[in-house]
>>> print(open('input.cif').read())   # mmCIF, C-alpha atoms
data_work
loop_
_atom_site.label_atom_id
_atom_site.label_comp_id
_atom_site.auth_asym_id
_atom_site.auth_seq_id
_atom_site.Cartn_x
_atom_site.Cartn_y
_atom_site.Cartn_z
CA MET A 1 90.64 102.10 95.33
CA ARG A 2 93.49 100.77 97.43
CA LYS A 3 95.52 97.78 96.24
CA GLU A 4 93.54 95.25 98.27
CA THR A 5 90.31 96.45 96.69
CA GLN A 6 91.80 96.76 93.21
CA CYS A 7 92.86 93.10 93.32
CA ILE A 8 89.18 92.20 93.50
CA HIS A 9 87.26 95.02 91.83
CA ALA A 10 89.50 96.63 89.19
CA GLY A 11 88.79 95.64 85.59
CA TYR A 12 85.51 93.75 85.28
CA GLN A 13 82.56 95.11 87.23
CA SER A 14 79.24 93.32 86.88
CA GLY A 15 76.11 95.25 86.01
CA ASN A 16 72.45 94.60 86.74
CA GLY A 17 71.67 90.94 86.10
CA GLU A 18 75.19 90.19 84.89
CA PRO A 19 77.55 87.48 86.21
CA LEU A 20 79.42 88.30 89.40
CA ALA A 21 82.47 86.36 88.14
CA LEU A 22 84.49 87.54 85.16
CA PRO A 23 82.90 85.92 82.06
CA ILE A 24 85.07 83.83 79.74
CA TYR A 25 84.55 85.19 76.22
CA GLN A 26 85.69 82.01 74.47
CA SER A 27 85.42 83.36 70.94
CA THR A 28 87.98 84.01 68.24
CA THR A 29 86.02 86.86 66.68
CA PHE A 30 83.19 89.33 67.24
CA THR A 31 80.26 90.49 65.11
CA TYR A 32 79.47 94.05 63.99
CA ASP A 33 76.55 95.61 62.18
CA SER A 34 78.54 97.32 59.46
CA THR A 35 81.65 96.97 57.32
CA GLU A 36 82.44 100.59 58.13
CA HIS A 37 82.67 99.84 61.86
CA ILE A 38 85.11 96.95 61.28
CA GLY A 39 87.13 99.20 59.00
CA LYS A 40 87.46 101.74 61.80
CA LEU A 41 88.73 98.97 64.08
CA PHE A 42 91.43 98.12 61.55
CA ASP A 43 92.32 101.82 61.27
CA LEU A 44 92.56 102.05 65.08
CA ALA A 45 89.94 104.78 64.90
CA ALA A 46 87.40 102.97 67.10
CA GLU A 47 87.61 100.90 70.27
CA GLY A 48 86.44 97.31 70.33
CA HIS A 49 87.45 93.70 69.81
CA MET A 50 87.63 92.14 66.37
CA TYR A 51 89.92 89.13 66.71
CA SER A 52 91.27 87.38 69.81
CA ARG A 53 94.83 87.34 68.50
CA ILE A 54 94.98 91.06 69.36
CA SER A 55 92.37 91.58 72.06
CA ASN A 56 89.59 89.73 73.85
CA PRO A 57 87.08 91.04 76.40
CA THR A 58 88.11 88.61 79.18
CA VAL A 59 91.80 89.33 78.71
CA SER A 60 91.11 93.05 78.41
CA TYR A 61 89.42 93.17 81.81
CA VAL A 62 92.46 91.49 83.38
CA GLU A 63 94.76 93.96 81.61
CA GLU A 64 92.75 96.82 83.13
CA LYS A 65 93.18 95.30 86.59
CA ILE A 66 96.96 94.87 86.18
CA ALA A 67 97.34 98.44 84.86
CA ALA A 68 95.37 99.77 87.83
CA LEU A 69 97.45 97.81 90.34
CA GLU A 70 100.69 99.06 88.80
CA GLY A 71 99.51 102.64 88.28
CA GLY A 72 100.04 102.57 84.51
CA VAL A 73 98.16 103.91 81.51
CA GLY A 74 97.71 100.46 80.01
CA ALA A 75 98.74 96.82 80.15
CA LEU A 76 99.17 94.04 77.62
CA CYS A 77 98.91 90.35 78.51
CA THR A 78 101.06 87.82 76.65
CA THR A 79 101.45 84.05 76.46
CA SER A 80 104.44 83.96 78.85
CA GLY A 81 106.77 86.11 80.89
CA GLN A 82 109.56 85.50 78.37
CA THR A 83 107.29 86.86 75.64
CA ALA A 84 106.50 89.94 77.71
CA THR A 85 110.21 90.58 78.28
CA PHE A 86 111.03 90.13 74.60
CA LEU A 87 108.20 92.37 73.38
CA SER A 88 109.00 95.07 75.93
CA LEU A 89 112.38 95.51 74.24
CA PHE A 90 111.58 94.54 70.65
CA ASN A 91 108.91 97.26 70.70
CA ILE A 92 111.71 99.85 70.74
CA LEU A 93 114.80 98.01 69.40
CA GLY A 94 115.77 96.61 66.04
CA ALA A 95 118.79 95.25 64.24
CA GLY A 96 121.83 97.38 65.02
CA ASP A 97 120.51 98.60 68.38
CA HIS A 98 121.95 97.99 71.84
CA PHE A 99 120.62 97.83 75.40
CA ILE A 100 121.98 97.35 78.91
CA ALA A 101 120.82 94.77 81.46
CA SER A 102 121.62 93.82 85.02
CA ALA A 103 123.84 90.72 85.13
CA THR A 104 121.87 89.17 88.02
CA ILE A 105 118.59 88.61 86.16
CA TYR A 106 116.84 85.28 85.54
CA GLY A 107 118.92 82.78 83.57
CA GLY A 108 116.32 82.34 80.84
CA THR A 109 116.28 86.09 80.33
CA ILE A 110 120.07 86.18 80.08
CA ASN A 111 119.87 83.53 77.35
CA LEU A 112 117.15 85.50 75.53
CA PHE A 113 119.27 88.65 75.61
CA ALA A 114 122.71 87.13 74.95
CA VAL A 115 121.80 84.52 72.34
CA THR A 116 118.37 84.84 70.73
CA MET A 117 118.18 88.62 70.47
CA LYS A 118 121.78 88.70 69.29
CA LYS A 119 120.65 86.62 66.30
CA LEU A 120 118.26 89.46 65.49
CA GLY A 121 121.12 91.93 65.46
CA ILE A 122 120.36 93.38 68.90
CA GLU A 123 123.30 93.55 71.31
CA CYS A 124 123.13 93.47 75.11
CA THR A 125 125.77 94.51 77.64
CA PHE A 126 125.40 93.06 81.14
CA VAL A 127 126.46 95.21 84.07
CA ASP A 128 126.94 94.69 87.79
CA PRO A 129 123.80 96.26 89.30
CA ASP A 130 125.70 97.19 92.46
CA ALA A 131 128.42 99.05 90.55
CA PRO A 132 128.72 102.85 90.89
CA GLU A 133 126.74 104.96 88.44
CA ALA A 134 129.87 106.10 86.60
CA GLU A 135 130.88 102.48 86.02
CA ILE A 136 127.45 101.52 84.65
CA GLU A 137 127.42 104.57 82.37
CA LYS A 138 130.54 103.27 80.62
CA ALA A 139 128.35 100.56 79.07
CA PHE A 140 126.29 103.10 77.10
CA ARG A 141 126.81 103.46 73.36
CA PRO A 142 125.37 105.89 70.81
CA ASN A 143 122.88 103.17 69.78
CA THR A 144 121.78 102.22 73.34
CA LYS A 145 117.96 102.26 73.50
CA ALA A 146 116.99 100.80 76.91
CA VAL A 147 118.07 99.63 80.35
CA PHE A 148 116.63 96.46 81.92
CA GLY A 149 116.66 95.08 85.48
CA GLU A 150 114.76 92.98 88.02
CA THR A 151 113.37 94.43 91.24
CA LEU A 152 114.32 91.21 93.03
CA ALA A 153 116.94 89.21 91.15
CA ASN A 154 116.15 85.57 90.41
CA PRO A 155 117.67 83.61 92.14
CA ALA A 156 120.40 85.73 93.80
CA LEU A 157 117.73 87.88 95.53
CA GLY A 158 119.60 91.14 95.13
CA VAL A 159 117.45 94.27 95.34
CA LEU A 160 117.86 96.64 92.41
CA ASP A 161 118.34 100.30 93.21
CA ILE A 162 115.54 101.38 90.88
CA GLU A 163 116.04 105.11 91.39
CA LYS A 164 119.73 104.80 90.52
CA PHE A 165 119.01 102.88 87.32
CA ALA A 166 116.19 105.25 86.37
CA ARG A 167 118.51 108.21 86.85
CA ILE A 168 121.17 106.63 84.64
CA ALA A 169 118.70 105.61 81.91
CA HIS A 170 116.97 108.99 81.77
CA LYS A 171 120.28 110.83 81.70
CA HIS A 172 120.91 109.05 78.40
CA GLY A 173 117.37 109.52 77.09
CA VAL A 174 116.28 105.88 77.25
CA PRO A 175 113.58 104.06 79.25
CA LEU A 176 114.09 101.82 82.26
CA ILE A 177 112.29 98.48 81.99
CA ILE A 178 111.80 96.55 85.24
CA ASP A 179 110.84 92.91 85.76
CA ASN A 180 108.69 93.11 88.89
CA THR A 181 107.64 89.44 88.94
CA PHE A 182 108.67 88.58 92.49
CA PRO A 183 107.40 91.59 94.47
CA THR A 184 104.32 92.27 92.30
CA ALA A 185 102.60 95.63 92.59
CA VAL A 186 101.40 94.65 96.07
CA LEU A 187 104.93 94.97 97.48
CA CYS A 188 106.56 97.40 95.02
CA ARG A 189 105.39 99.73 92.26
CA PRO A 190 108.50 100.58 90.21
CA PHE A 191 106.80 103.51 88.46
CA GLU A 192 106.86 105.38 91.76
CA PHE A 193 110.68 105.18 91.69
CA GLY A 194 111.19 106.26 88.08
CA ALA A 195 110.78 103.07 86.03
CA ASP A 196 109.01 103.51 82.68
CA ILE A 197 107.90 100.01 81.72
CA VAL A 198 107.20 97.01 83.97
CA VAL A 199 107.07 93.38 82.84
CA TYR A 200 105.78 90.27 84.56
CA SER A 201 105.73 86.56 84.39
CA THR A 202 102.12 86.31 85.56
CA THR A 203 102.76 82.57 85.85
CA LYS A 204 104.33 83.29 89.22
CA TYR A 205 102.75 85.11 92.16
CA MET A 206 100.08 86.90 90.14
CA GLU A 207 98.40 83.63 89.15
CA GLY A 208 99.88 81.82 92.13
CA HIS A 209 98.49 78.30 91.67
CA ALA A 210 100.68 76.84 88.91
CA VAL A 211 97.83 76.28 86.46
CA SER A 212 98.44 78.84 83.69
CA VAL A 213 101.46 80.36 81.96
CA GLY A 214 101.37 84.04 81.05
CA GLY A 215 103.08 87.41 81.01
CA ALA A 216 102.24 91.10 81.06
CA ILE A 217 103.71 94.46 80.07
CA VAL A 218 102.60 97.65 81.81
CA ASP A 219 103.23 101.15 80.43
CA SER A 220 103.66 104.03 82.88
CA GLY A 221 102.87 106.57 80.18
CA ASN A 222 105.65 108.77 81.56
CA PHE A 223 108.48 108.31 79.07
CA ASP A 224 108.91 110.90 76.30
CA TRP A 225 109.06 108.90 73.05
CA THR A 226 109.40 112.14 71.08
CA ASN A 227 112.96 112.83 72.28
CA GLY A 228 114.40 111.94 68.86
CA LYS A 229 115.69 108.45 69.70
CA PHE A 230 112.51 106.53 68.84
CA PRO A 231 111.24 107.41 65.34
CA GLU A 232 109.01 104.33 65.27
CA PHE A 233 106.64 106.22 67.59
CA THR A 234 106.80 109.61 65.87
CA GLU A 235 106.86 108.63 62.20
CA PRO A 236 103.98 107.06 60.21
CA ASP A 237 103.48 103.30 60.52
CA ALA A 238 102.87 102.02 57.01
CA SER A 239 101.26 98.84 58.35
CA TYR A 240 98.46 100.97 59.87
CA HIS A 241 97.77 103.48 57.12
CA GLY A 242 100.36 105.90 58.41
CA VAL A 243 99.25 106.16 62.04
CA ILE A 244 101.67 108.10 64.26
CA TYR A 245 101.47 106.49 67.70
CA THR A 246 102.49 109.46 69.83
CA LYS A 247 100.07 111.74 68.00
CA GLN A 248 97.05 109.39 68.04
CA PHE A 249 97.55 107.63 71.38
CA GLY A 250 99.56 110.09 73.47
CA LYS A 251 100.76 108.60 76.74
CA ALA A 252 99.60 105.13 75.62
CA ALA A 253 101.74 105.15 72.46
CA TYR A 254 104.14 102.46 73.67
CA ILE A 255 101.59 99.90 74.87
CA THR A 256 99.33 100.48 71.86
CA LYS A 257 102.17 99.86 69.40
CA ALA A 258 103.17 96.68 71.25
CA ARG A 259 99.65 95.33 70.87
CA VAL A 260 98.58 96.37 67.39
CA GLN A 261 101.96 95.87 65.71
CA LEU A 262 103.87 93.13 67.54
CA VAL A 263 101.11 91.00 69.05
CA ARG A 264 99.21 91.29 65.77
CA ASP A 265 102.19 89.93 63.81
CA LEU A 266 103.60 87.42 66.30
CA GLY A 267 100.34 86.01 67.66
CA VAL A 268 101.37 85.83 71.33
CA TYR A 269 98.10 86.78 73.02
CA PRO A 270 96.76 84.56 75.85
CA SER A 271 93.49 82.65 75.75
CA ALA A 272 90.39 83.90 77.54
CA THR A 273 90.49 80.86 79.82
CA ASN A 274 94.07 81.53 80.90
CA ALA A 275 93.15 85.15 81.61
CA PHE A 276 90.25 83.91 83.75
CA TYR A 277 92.64 81.77 85.82
CA LEU A 278 94.97 84.76 86.18
CA ASP A 279 92.12 86.91 87.44
CA LEU A 280 91.26 84.34 90.10
CA GLY A 281 94.84 84.53 91.31
CA LEU A 282 94.89 88.32 91.30
CA GLN A 283 91.84 88.45 93.56
CA THR A 284 93.83 86.96 96.46
CA LEU A 285 97.24 88.39 95.55
CA HIS A 286 97.30 90.91 98.41
CA LEU A 287 96.61 88.19 100.98
CA ARG A 288 99.06 85.68 99.52
CA MET A 289 101.97 88.14 99.21
CA GLU A 290 101.60 89.03 102.89
CA ARG A 291 101.69 85.35 103.91
CA HIS A 292 104.52 84.46 101.50
CA SER A 293 106.62 87.30 102.93
CA GLN A 294 105.89 86.43 106.56
CA ASN A 295 106.69 82.74 106.06
CA ALA A 296 109.85 83.45 104.08
CA LEU A 297 111.28 85.69 106.76
CA VAL A 298 110.69 83.04 109.44
CA VAL A 299 112.24 80.32 107.26
CA ALA A 300 115.20 82.54 106.30
CA LYS A 301 115.96 83.20 109.96
CA PHE A 302 115.90 79.44 110.62
CA LEU A 303 118.24 78.69 107.70
CA GLU A 304 120.60 81.49 108.74
CA LYS A 305 121.25 79.70 112.05
CA HIS A 306 121.49 76.15 110.67
CA PRO A 307 125.00 74.65 110.91
CA LYS A 308 124.80 73.01 107.49
CA VAL A 309 123.87 76.21 105.69
CA GLU A 310 126.76 78.31 104.43
CA GLN A 311 124.85 81.39 103.29
CA VAL A 312 121.29 82.70 103.04
CA ASN A 313 120.16 85.32 100.53
CA TYR A 314 116.97 87.07 101.58
CA PRO A 315 116.78 90.87 101.69
CA GLY A 316 114.34 90.76 104.58
CA LEU A 317 117.17 89.61 106.84
CA LYS A 318 119.02 92.35 108.69
CA SER A 319 122.27 90.60 107.77
CA SER A 320 121.57 90.99 104.04
CA ARG A 321 123.68 93.47 102.11
CA TYR A 322 120.44 94.51 100.41
CA HIS A 323 118.44 95.07 103.59
CA ALA A 324 118.60 98.88 103.34
CA LEU A 325 117.39 98.81 99.74
CA ALA A 326 114.65 96.37 100.75
CA GLN A 327 113.49 98.79 103.45
CA LYS A 328 113.28 101.48 100.79
CA TYR A 329 111.65 99.58 97.93
CA LEU A 330 109.98 96.66 99.74
CA PRO A 331 108.93 97.95 103.17
CA ASN A 332 105.92 95.63 103.39
CA GLY A 333 107.74 92.39 102.61
CA CYS A 334 110.27 90.79 100.28
CA ALA A 335 108.04 88.05 98.80
CA GLY A 336 108.61 84.36 99.38
CA VAL A 337 111.74 83.42 97.45
CA ILE A 338 114.96 82.60 99.31
CA SER A 339 118.24 81.27 97.99
CA PHE A 340 120.62 79.48 100.33
CA THR A 341 123.89 77.63 99.94
CA VAL A 342 124.43 74.23 101.51
CA LYS A 343 127.86 73.32 102.83
CA GLY A 344 129.42 70.62 100.67
CA GLY A 345 128.60 72.04 97.24
CA LYS A 346 126.42 70.58 94.48
CA GLN A 347 126.20 66.98 95.76
CA ALA A 348 125.14 68.10 99.22
CA ALA A 349 122.54 70.50 97.78
CA VAL A 350 121.06 67.80 95.55
CA LYS A 351 120.91 65.34 98.47
CA VAL A 352 119.03 67.88 100.58
CA MET A 353 116.54 68.55 97.80
CA ASP A 354 115.94 64.86 97.16
CA SER A 355 115.30 64.33 100.89
CA LEU A 356 112.48 66.88 101.10
CA LYS A 357 108.92 65.59 101.46
CA LEU A 358 106.63 68.61 101.87
CA CYS A 359 108.67 70.94 99.65
CA LYS A 360 108.25 70.02 95.99
CA ASN A 361 111.22 69.71 93.61
CA VAL A 362 109.81 71.42 90.53
CA VAL A 363 110.91 73.83 87.82
CA HIS A 364 108.68 76.57 89.13
CA VAL A 365 108.60 79.32 91.70
CA ALA A 366 106.19 81.68 93.44
CA THR A 367 103.21 79.40 93.90
CA VAL A 368 101.12 78.59 96.98
CA GLN A 369 103.08 75.38 97.53
CA THR A 370 106.67 75.47 98.79
CA CYS A 371 109.04 74.54 95.97
CA VAL A 372 112.78 74.02 95.58
CA LEU A 373 115.06 74.18 92.57
CA HIS A 374 118.81 73.82 91.91
CA PRO A 375 119.67 76.78 89.63
CA ALA A 376 123.15 75.65 88.54
CA SER A 377 121.86 72.36 87.11
CA GLU A 378 118.33 73.41 86.13
CA THR A 379 117.15 76.94 85.22
CA HIS A 380 120.66 78.38 84.78
CA ARG A 381 122.45 75.31 83.39
CA GLN A 382 122.88 77.00 80.01
CA LEU A 383 125.10 79.68 81.53
CA THR A 384 128.88 79.60 81.53
CA ASP A 385 130.79 79.44 84.82
CA GLU A 386 131.55 83.14 84.45
CA GLN A 387 127.88 83.97 83.88
CA LEU A 388 126.88 81.88 86.91
CA VAL A 389 129.27 83.85 89.10
CA ALA A 390 127.97 87.15 87.66
CA ALA A 391 124.41 86.02 88.40
CA GLY A 392 125.37 85.29 92.01
CA ILE A 393 124.99 81.52 91.70
CA ASN A 394 127.28 78.80 93.03
CA PRO A 395 126.90 74.98 92.76
CA GLY A 396 125.61 74.57 96.31
CA MET A 397 122.81 77.11 95.96
CA ILE A 398 119.18 76.06 96.36
CA ARG A 399 116.31 78.35 95.40
CA LEU A 400 113.51 77.95 97.92
CA SER A 401 110.09 79.35 97.10
CA VAL A 402 108.28 79.50 100.42
CA GLY A 403 104.58 78.79 100.12
CA ILE A 404 101.62 79.68 102.30
CA GLU A 405 101.55 76.47 104.34
CA SER A 406 102.38 76.47 108.04
CA ALA A 407 105.87 77.93 108.45
CA GLU A 408 106.53 75.36 111.19
CA ASP A 409 105.80 72.48 108.80
CA ILE A 410 108.11 73.95 106.17
CA ILE A 411 110.90 74.33 108.71
CA GLU A 412 110.46 70.73 109.98
CA ASP A 413 110.79 69.43 106.41
CA LEU A 414 113.90 71.50 105.76
CA ASN A 415 115.44 70.51 109.06
CA ASP A 416 114.94 66.81 108.34
CA ALA A 417 116.38 67.15 104.84
CA LEU A 418 119.40 69.12 106.03
CA GLY A 419 120.00 66.39 108.59
CA ASN A 420 120.27 63.93 105.70
CA GLY A 421 122.50 66.25 103.68
#
>>> encode(input="input.cif", output="structure tokens")
Amino acid sequence: MRKETQCIHAGYQSGNGEPLALPIYQSTTFTYDSTEHIGKLFDLAAEGHMYSRISNPTVSYVEEKIAALEGGVGALCTTSGQTATFLSLFNILGAGDHFIASATIYGGTINLFAVTMKKLGIECTFVDPDAPEAEIEKAFRPNTKAVFGETLANPALGVLDIEKFARIAHKHGVPLIIDNTFPTAVLCRPFEFGADIVVYSTTKYMEGHAVSVGGAIVDSGNFDWTNGKFPEFTEPDASYHGVIYTKQFGKAAYITKARVQLVRDLGVYPSATNAFYLDLGLQTLHLRMERHSQNALVVAKFLEKHPKVEQVNYPGLKSSRYHALAQKYLPNGCAGVISFTVKGGKQAAVKVMDSLKLCKNVVHVATVQTCVLHPASETHRQLTDEQLVAAGINPGMIRLSVGIESAEDIIEDLNDALGNG
């Protein structure tokens, strides 16, 4: 099936006399006819659901759909995008390990990497994603276990050269993990360019209506976990009667371990109802991403010509330094998020935002409604001045998430607000 069809039909498929819509299995546990069968579930020797902290039929169907869209061997849904990002790394790193990340990623992710994971004994080095390969390679250490980046940086809107980062990571025998939240699999499938693991905040475009928080991890099944750097996959897991993940689960070793070890212990699995909402969003994802991208390009062109706008960051613009990379990785659209800088700095940016009527001032992005946010004082306020610069953020920057309303109405609202700025 093509992506448009997968958005609707992958995962749950109704049988004779069954509901057309994905059923909500609102149950914590499931019954079996024998103790032996449940024992096999605990030994990972049989497929099935036993407890909704680890798996649930509704969530499982949505995971199948996401894996199909991304072209992976399996997916795991989580309670948030931050959880998905954390688990994607914690599944292969422990105290004393190190990983490398792009410096232009989402501010909350920077805080997770630089502060919280550091408390666990895991070190992160941030690198300029546009730096030459030789410069990025200098960040590697003997204990480096992964490389992390965002397809479209939030909010600087830089396009990551996925093939370059994959080449660097694989040269050093470690996986490349990509946050593909903004493009989604409709606009970019990182596995096709060498990425090994993809993570999502499904709260954003995937769900698309701002009603449920969630995340997802997708495993390509392509990385070789037996290369000697990852003994947790090739040596017996005492918490599962000595199971060896690469031997028992093959290409799905990574995603299986994340579920049965980490989700089991941390309890970060989404509810069936939230998964149902996510599935509703996924069914129209292909249509919405097309409209978001079309509207954003029109709005970006308007902002680029406005006298009160100092700079516009949108890789769909021919003037963007990332336009060539966007043509390579995002040929069908660059999603709906724009960042632009208002002349006059922070006070001018705040005045523009407070003057908007149609565009909503909310701490959210990538929903059907057009939203604005001031990164320096909101999502990225925990960063130092140096980190803000590294993330491509200045005080006058506004993040604009273009919705699927009439582009003309969005432009009228922006034009009025800029006139008041």
>>> atom_distance(input="input.cif", atom1="CA of Asp128 in chain A", atom2="CA of Ile105 in chain A")
10.5 Å
>>> resolve_selection(input="input.cif", expression="the PyMOL selection byres ((chain A and resi 272) around 12)", output="number ranges by chain")
A: 22-28, 52-63, 77-79, 212, 214, 269-271, 273-279
>>> closest_residue(input="input.cif", among="A:Lys118, A:His98, A:Arg291, A:Lys138", to="Ala335 in chain A", atoms="all atoms listed in the file")
A:Arg291
>>> closest_residue(input="input.cif", among="A:Cys371, A:Ile92, A:Cys188, A:Ala84", to="Met289 in chain A", atoms="only C-alpha atoms")
A:Cys188
>>> resolve_selection(input="input.cif", expression="the PyMOL selection byres ((chain A and resi 254-263) around 7)", output="PyMOL selection string")
chain A and resi 54+74-76+87+91+219+245+252-253+264-269
>>> build_atoms(input="input.cif", residues="range 43-57 of chain A", atoms="N, CA and C atoms", output="PDB file, keeping the file's coordinate frame")
ATOM      1  N   ASP A  43      91.610 100.531  61.354  1.00  0.00           N
ATOM      2  CA  ASP A  43      92.320 101.820  61.270  1.00  0.00           C
ATOM      3  C   ASP A  43      92.689 102.364  62.646  1.00  0.00           C
ATOM      4  N   LEU A  44      92.333 101.625  63.693  1.00  0.00           N
ATOM      5  CA  LEU A  44      92.560 102.050  65.080  1.00  0.00           C
ATOM      6  C   LEU A  44      91.826 103.352  65.403  1.00  0.00           C
ATOM      7  N   ALA A  45      90.723 103.557  64.703  1.00  0.00           N
ATOM      8  CA  ALA A  45      89.940 104.780  64.900  1.00  0.00           C
ATOM      9  C   ALA A  45      88.734 104.550  65.801  1.00  0.00           C
ATOM     10  N   ALA A  46      88.510 103.302  66.210  1.00  0.00           N
ATOM     11  CA  ALA A  46      87.400 102.970  67.100  1.00  0.00           C
ATOM     12  C   ALA A  46      87.862 101.896  68.083  1.00  0.00           C
ATOM     13  N   GLU A  47      87.283 101.918  69.280  1.00  0.00           N
ATOM     14  CA  GLU A  47      87.610 100.900  70.270  1.00  0.00           C
ATOM     15  C   GLU A  47      86.705  99.691  70.098  1.00  0.00           C
ATOM     16  N   GLY A  48      87.237  98.525  70.433  1.00  0.00           N
ATOM     17  CA  GLY A  48      86.440  97.310  70.330  1.00  0.00           C
ATOM     18  C   GLY A  48      87.325  96.114  70.020  1.00  0.00           C
ATOM     19  N   HIS A  49      86.728  94.948  70.055  1.00  0.00           N
ATOM     20  CA  HIS A  49      87.450  93.700  69.810  1.00  0.00           C
ATOM     21  C   HIS A  49      87.009  93.134  68.461  1.00  0.00           C
ATOM     22  N   MET A  50      87.989  92.737  67.660  1.00  0.00           N
ATOM     23  CA  MET A  50      87.630  92.140  66.370  1.00  0.00           C
ATOM     24  C   MET A  50      88.152  90.726  66.226  1.00  0.00           C
ATOM     25  N   TYR A  51      89.307  90.439  66.869  1.00  0.00           N
ATOM     26  CA  TYR A  51      89.920  89.130  66.710  1.00  0.00           C
ATOM     27  C   TYR A  51      90.757  88.854  67.954  1.00  0.00           C
ATOM     28  N   SER A  52      90.639  87.665  68.519  1.00  0.00           N
ATOM     29  CA  SER A  52      91.270  87.380  69.810  1.00  0.00           C
ATOM     30  C   SER A  52      92.768  87.115  69.727  1.00  0.00           C
ATOM     31  N   ARG A  53      93.368  87.347  68.573  1.00  0.00           N
ATOM     32  CA  ARG A  53      94.830  87.340  68.500  1.00  0.00           C
ATOM     33  C   ARG A  53      95.388  88.682  68.958  1.00  0.00           C
ATOM     34  N   ILE A  54      94.548  89.708  68.970  1.00  0.00           N
ATOM     35  CA  ILE A  54      94.980  91.060  69.360  1.00  0.00           C
ATOM     36  C   ILE A  54      94.339  91.496  70.663  1.00  0.00           C
ATOM     37  N   SER A  55      93.063  91.212  70.824  1.00  0.00           N
ATOM     38  CA  SER A  55      92.370  91.580  72.060  1.00  0.00           C
ATOM     39  C   SER A  55      91.140  90.713  72.230  1.00  0.00           C
ATOM     40  N   ASN A  56      90.747  90.559  73.494  1.00  0.00           N
ATOM     41  CA  ASN A  56      89.590  89.730  73.850  1.00  0.00           C
ATOM     42  C   ASN A  56      88.992  90.349  75.108  1.00  0.00           C
ATOM     43  N   PRO A  57      87.675  90.370  75.248  1.00  0.00           N
ATOM     44  CA  PRO A  57      87.080  91.040  76.400  1.00  0.00           C
ATOM     45  C   PRO A  57      87.556  90.498  77.758  1.00  0.00           C
TER      46      PRO A  57
END
